[in-house]
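Source file: coords.csv (CSV, C-alpha atoms)
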chain,number,residue,atom,x,y,z
F,1,HIS,CA,-37.7,119.9,10.3
F,2,VAL,CA,-37.6,119.1,6.6
F,3,ASP,CA,-34.3,117.4,7.1
F,4,LEU,CA,-35.8,115.0,9.7
F,5,VAL,CA,-38.6,114.1,7.3
F,6,SER,CA,-36.2,113.5,4.5
F,7,GLU,CA,-34.0,111.3,6.7
F,8,VAL,CA,-36.9,109.3,8.2
F,9,THR,CA,-38.5,108.7,4.8
F,10,LEU,CA,-35.2,107.5,3.4
F,11,VAL,CA,-34.8,105.0,6.2
F,12,LEU,CA,-38.4,103.8,5.7
F,13,LEU,CA,-37.8,103.3,2.0
F,14,ALA,CA,-34.6,101.3,2.8
F,15,LEU,CA,-36.5,99.2,5.4
F,16,ALA,CA,-39.3,98.5,2.9
F,17,ALA,CA,-36.7,97.4,0.3
F,18,ALA,CA,-34.9,95.2,2.8
F,19,LEU,CA,-38.2,93.6,3.9
F,20,VAL,CA,-39.2,92.9,0.3
F,21,ILE,CA,-35.8,91.4,-0.4
F,22,GLY,CA,-36.1,89.2,2.7
F,23,TRP,CA,-39.6,88.1,1.8
F,24,VAL,CA,-38.6,87.2,-1.8
F,25,TRP,CA,-35.5,85.4,-0.6
F,26,TRP,CA,-37.7,83.3,1.8
F,27,LYS,CA,-40.9,82.8,-0.2
F,28,HIS,CA,-39.7,82.9,-3.8
F,29,PRO,CA,-36.2,81.3,-4.0
F,30,SER,CA,-36.4,81.3,-7.8
F,31,GLN,CA,-36.4,85.1,-7.7
F,32,ARG,CA,-33.2,85.3,-5.6
F,33,PRO,CA,-31.1,86.3,-8.7
F,34,ARG,CA,-33.4,89.2,-9.3
F,35,ALA,CA,-33.1,90.3,-5.7
F,36,VAL,CA,-29.3,90.1,-5.9
F,37,GLY,CA,-29.2,92.0,-9.2
F,38,ALA,CA,-31.4,94.8,-7.9
F,39,SER,CA,-29.4,95.0,-4.7
F,40,ILE,CA,-26.1,95.2,-6.5
F,41,GLY,CA,-27.7,97.8,-8.7
F,42,VAL,CA,-28.4,100.1,-5.7
F,43,VAL,CA,-24.8,99.7,-4.5
F,44,LEU,CA,-23.5,100.5,-7.9
F,45,ALA,CA,-25.8,103.5,-8.1
F,46,TYR,CA,-24.4,104.8,-4.8
F,47,VAL,CA,-20.8,104.2,-5.9
F,48,THR,CA,-21.5,105.9,-9.2
F,49,SER,CA,-23.1,108.8,-7.4
F,50,GLU,CA,-20.0,109.3,-5.2
F,51,ALA,CA,-17.8,109.2,-8.3
F,52,LEU,CA,-19.9,111.7,-10.1
F,53,LYS,CA,-19.8,114.0,-7.1
F,54,ALA,CA,-16.0,114.0,-7.2
F,55,SER,CA,-16.0,114.5,-11.0
F,56,PHE,CA,-18.5,117.4,-11.1
F,57,ALA,CA,-17.4,119.0,-7.7
F,58,GLN,CA,-20.5,121.2,-7.8
F,59,ALA,CA,-20.9,123.4,-4.7
F,60,ARG,CA,-24.2,123.0,-2.8
F,61,PRO,CA,-26.8,125.8,-2.9
F,62,CYS,CA,-26.3,126.4,0.9
F,63,SER,CA,-22.7,127.2,0.3
F,64,ARG,CA,-23.6,130.0,-2.1
F,65,TRP,CA,-26.7,131.4,-0.4
F,66,VAL,CA,-28.0,131.6,3.1
F,67,THR,CA,-30.5,128.8,3.8
F,68,ALA,CA,-32.1,127.4,6.9
F,69,ALA,CA,-30.2,124.2,6.6
F,70,GLU,CA,-26.8,123.4,8.1
F,71,CYS,CA,-24.6,123.1,5.1
F,72,PRO,CA,-22.4,120.0,4.7
F,73,PRO,CA,-18.7,120.7,4.8
F,74,ALA,CA,-16.7,121.9,1.8
F,75,GLY,CA,-15.8,119.0,-0.4
F,76,ASP,CA,-19.1,117.3,0.2
F,77,TRP,CA,-20.5,118.1,-3.3
F,78,SER,CA,-24.0,118.5,-4.5
F,79,LEU,CA,-24.4,116.7,-7.8
F,80,PRO,CA,-25.9,114.1,-7.8
F,81,SER,CA,-28.0,113.7,-4.6
F,82,ASN,CA,-27.1,110.5,-2.7
F,83,HIS,CA,-30.4,110.7,-0.9
F,84,ALA,CA,-32.3,110.7,-4.1
F,85,THR,CA,-30.1,107.9,-5.5
F,86,LEU,CA,-30.8,105.7,-2.5
F,87,ALA,CA,-34.5,106.6,-2.2
F,88,PHE,CA,-35.2,105.8,-5.8
F,89,GLY,CA,-33.0,102.7,-5.7
F,90,ALA,CA,-35.2,101.4,-3.0
F,91,VAL,CA,-38.2,102.0,-5.2
F,92,ALA,CA,-36.6,100.1,-8.1
F,93,VAL,CA,-35.8,97.1,-5.8
F,94,VAL,CA,-39.4,96.9,-4.7
F,95,ALA,CA,-40.8,97.5,-8.2
F,96,VAL,CA,-38.7,94.7,-9.8
F,97,LEU,CA,-39.3,92.2,-7.1
F,98,LEU,CA,-43.0,92.7,-6.5
F,99,ALA,CA,-44.3,94.1,-9.8
F,100,ARG,CA,-47.2,95.9,-8.0
F,101,ALA,CA,-48.0,99.2,-9.7
F,102,ALA,CA,-49.9,100.8,-6.8
F,103,LEU,CA,-47.1,100.0,-4.3
F,104,THR,CA,-44.5,101.3,-6.8
F,105,TRP,CA,-46.3,104.6,-7.3
F,106,ALA,CA,-46.8,105.0,-3.6
F,107,MET,CA,-43.1,104.5,-3.0
F,108,ILE,CA,-42.3,106.9,-5.8
F,109,GLY,CA,-44.3,109.5,-3.9
F,110,VAL,CA,-42.4,108.8,-0.7
F,111,ALA,CA,-39.0,108.9,-2.6
F,112,ALA,CA,-40.1,112.2,-4.1
F,113,LEU,CA,-40.6,113.6,-0.6
F,114,VAL,CA,-37.0,112.7,0.2
F,115,ALA,CA,-35.8,114.4,-3.0
F,116,ILE,CA,-38.0,117.5,-2.6
F,117,GLY,CA,-36.9,117.8,1.0
F,118,ARG,CA,-33.3,118.0,-0.1
F,119,VAL,CA,-34.1,120.9,-2.4
F,120,VAL,CA,-36.2,122.7,0.2
F,121,GLU,CA,-33.4,122.3,2.8
F,122,GLY,CA,-31.1,124.1,0.3
F,123,VAL,CA,-28.5,121.3,0.2
F,124,HIS,CA,-29.3,120.3,-3.4
F,125,TYR,CA,-30.5,121.8,-6.7
F,126,VAL,CA,-33.4,120.3,-8.5
F,127,HIS,CA,-31.1,118.8,-11.2
F,128,ASP,CA,-29.1,117.1,-8.4
F,129,VAL,CA,-32.1,115.2,-7.1
F,130,ALA,CA,-33.4,114.5,-10.7
F,131,ILE,CA,-30.1,112.9,-11.7
F,132,GLY,CA,-29.9,111.0,-8.4
F,133,ALA,CA,-33.4,109.7,-9.0
F,134,LEU,CA,-32.5,108.5,-12.5
F,135,LEU,CA,-29.3,106.9,-11.3
F,136,GLY,CA,-31.1,105.2,-8.4
F,137,MET,CA,-33.8,103.7,-10.7
F,138,ALA,CA,-31.6,102.9,-13.7
F,139,LEU,CA,-28.8,100.8,-12.3
F,140,PRO,CA,-31.0,98.4,-10.2
F,141,LEU,CA,-33.3,98.0,-13.2
F,142,LEU,CA,-30.4,97.5,-15.6
F,143,LEU,CA,-28.7,94.9,-13.3
F,144,THR,CA,-32.0,93.1,-13.0
F,145,LEU,CA,-32.3,92.9,-16.7
F,146,VAL,CA,-28.8,91.6,-17.0
F,147,PHE,CA,-29.4,88.9,-14.3
F,148,ASP,CA,-32.7,88.0,-16.0
F,149,ALA,CA,-31.0,87.6,-19.4
F,150,SER,CA,-28.2,85.6,-18.0
F,151,ARG,CA,-30.6,83.2,-16.2
F,152,ARG,CA,-32.7,82.8,-19.4
F,153,ARG,CA,-29.6,81.9,-21.4
F,154,ARG,CA,-28.5,79.3,-18.8
F,155,ASN,CA,-32.0,77.8,-18.5
F,156,GLY,CA,-33.1,78.2,-22.0
F,157,SER,CA,-36.4,79.8,-20.9
F,158,PRO,CA,-38.0,82.6,-22.8
F,159,ARG,CA,-39.3,84.9,-20.0
F,160,ARG,CA,-39.1,85.3,-16.2
F,161,ARG,CA,-42.1,84.6,-14.1
F,162,ASP,CA,-43.4,87.5,-12.0
F,163,VAL,CA,-43.6,87.1,-8.2
F,164,GLY,CA,-47.0,88.7,-8.5
F,165,SER,CA,-48.2,85.9,-10.7
F,166,ASP,CA,-47.3,83.3,-8.1
F,167,ARG,CA,-50.4,82.1,-6.2
F,168,GLY,CA,-49.8,80.0,-3.2

Translate this file's structure into structure tokens.
Amino acid sequence: HVDLVSEVTLVLLALAAALVIGWVWWKHPSQRPRAVGASIGVVLAYVTSEALKASFAQARPCSRWVTAAECPPAGDWSLPSNHATLAFGAVAVVAVLLARAALTWAMIGVAALVAIGRVVEGVHYVHDVAIGALLGMALPLLLTLVFDASRRRRNGSPRRRDVGSDRG
């Protein structure tokens, strides 16, 4: 039932990210560009993950060895893990929008469950989920930085204001 845990936790992470985006959109309109940047970053991370899968064409462990998991069909490659990319992308969205260390670390733990579950199932190698996790975190963070820099240039302001510093 590791596959079910992995799928359910991924859905919960996506739901958490969507709720945070909605909350920021509603309560902190000035942070909408950051929400857009982080969201676009997750989409780009997924698209990049798919492109890398096609480039590397690495067979899954379950296609080489007998595992308990049902193996995806041939041509559904292993490197990088889309599950890890999306799970850690959700973490990045929440981290950049809320800037709450405890929540971010808790979500990293949940995202790690998704990634570890994929390895335990036998559908990914450790390096697949590690690269997916890096990709999922890096692109949303990078796009957020780009959106922040662009906004600072337009507004002439030196720094962004954290949502966490808003009181009221």

Exercise for review: Excluding range 31-41 of chain F and any residue of its chain fewer than 6 positions from it, enumerate the residues within 8 Å of it, using all atoms listed in the file, and give them as a list in words.
Suggested key: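 The contact residues come out as Ile21, Val24, Trp25, Gly89, Ala92, Val93, Val96, Leu97, Leu139, Pro140, Leu141, Leu142, Leu143, Thr144, Val146, Phe147, Asp148 and Val163 of chain F.
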
Review point. Between CA of Ala102 in chain F and CA of Pro80 in chain F, what is the distance, to one decimal in Å?
Key: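 Those two atoms sit 27.5 Å apart.
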
Which polymer residues have any atom within 9 Å of an atom of Ala54 in chain F, counting only C-alpha atoms, with same-chain residues fewer than 2 positions away left out, as a PDB file with C-alpha atoms, in the frame of the given file?
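Wrote it out as part.pdb, contents follow:
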ATOM      1  CA  SER F  49     -23.100 108.800  -7.400  1.00  0.00           C
ATOM      2  CA  GLU F  50     -20.000 109.300  -5.200  1.00  0.00           C
ATOM      3  CA  ALA F  51     -17.800 109.200  -8.300  1.00  0.00           C
ATOM      4  CA  LEU F  52     -19.900 111.700 -10.100  1.00  0.00           C
ATOM      5  CA  PHE F  56     -18.500 117.400 -11.100  1.00  0.00           C
ATOM      6  CA  ALA F  57     -17.400 119.000  -7.700  1.00  0.00           C
ATOM      7  CA  GLN F  58     -20.500 121.200  -7.800  1.00  0.00           C
ATOM      8  CA  GLY F  75     -15.800 119.000  -0.400  1.00  0.00           C
ATOM      9  CA  ASP F  76     -19.100 117.300   0.200  1.00  0.00           C
ATOM     10  CA  TRP F  77     -20.500 118.100  -3.300  1.00  0.00           C
ATOM     11  CA  LEU F  79     -24.400 116.700  -7.800  1.00  0.00           C
TER      12      LEU F  79
END

Point to revise | Long-range neighbours of range 126-133 of chain F as JSON, numbers by chain, 10 Å cut-off, only C-alpha atoms, 5 positions minimum in chain | key: {"F": [45, 46, 48, 49, 53, 58, 60, 78, 79, 80, 81, 82, 83, 84, 85, 86, 87, 88, 89, 91, 108, 111, 112, 114, 115, 116, 117, 118, 119, 120, 138]}

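When CA of Leu98 in chain F is paired with CA of Val5 in chain F, their separation reads 25.8 Å.
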
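Here CA of Val94 in chain F and CA of Leu10 in chain F stand 14.0 Å from one another.
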
Check your understanding: For Ala99 in chain F, which residue among F:His1, F:Val20, F:Ala74, F:Cys62 is the nearest when counting all atoms listed in the file?
Key -> F:Val20

Review point. Pick from F:Val123, F:Leu12, F:Cys71, F:Leu134: nearest to Val110 in chain F, with all atoms listed in the file counted?
Key: F:Leu12

Point to revise | Distance criterion (only C-alpha atoms): nearest to Leu44 in chain F out of F:Leu4, F:Ala149, F:Leu13, F:Leu135 | key: F:Leu135

Give the padded box for range 102-105 of chain F as JSON: axis-aligned, covering all atoms listed in the file, 3 Å on each side, centre and edge lengths in Å to one decimal.
{"center_x": -47.2, "center_y": 102.3, "center_z": -5.8, "size_x": 11.4, "size_y": 10.6, "size_z": 9.0}
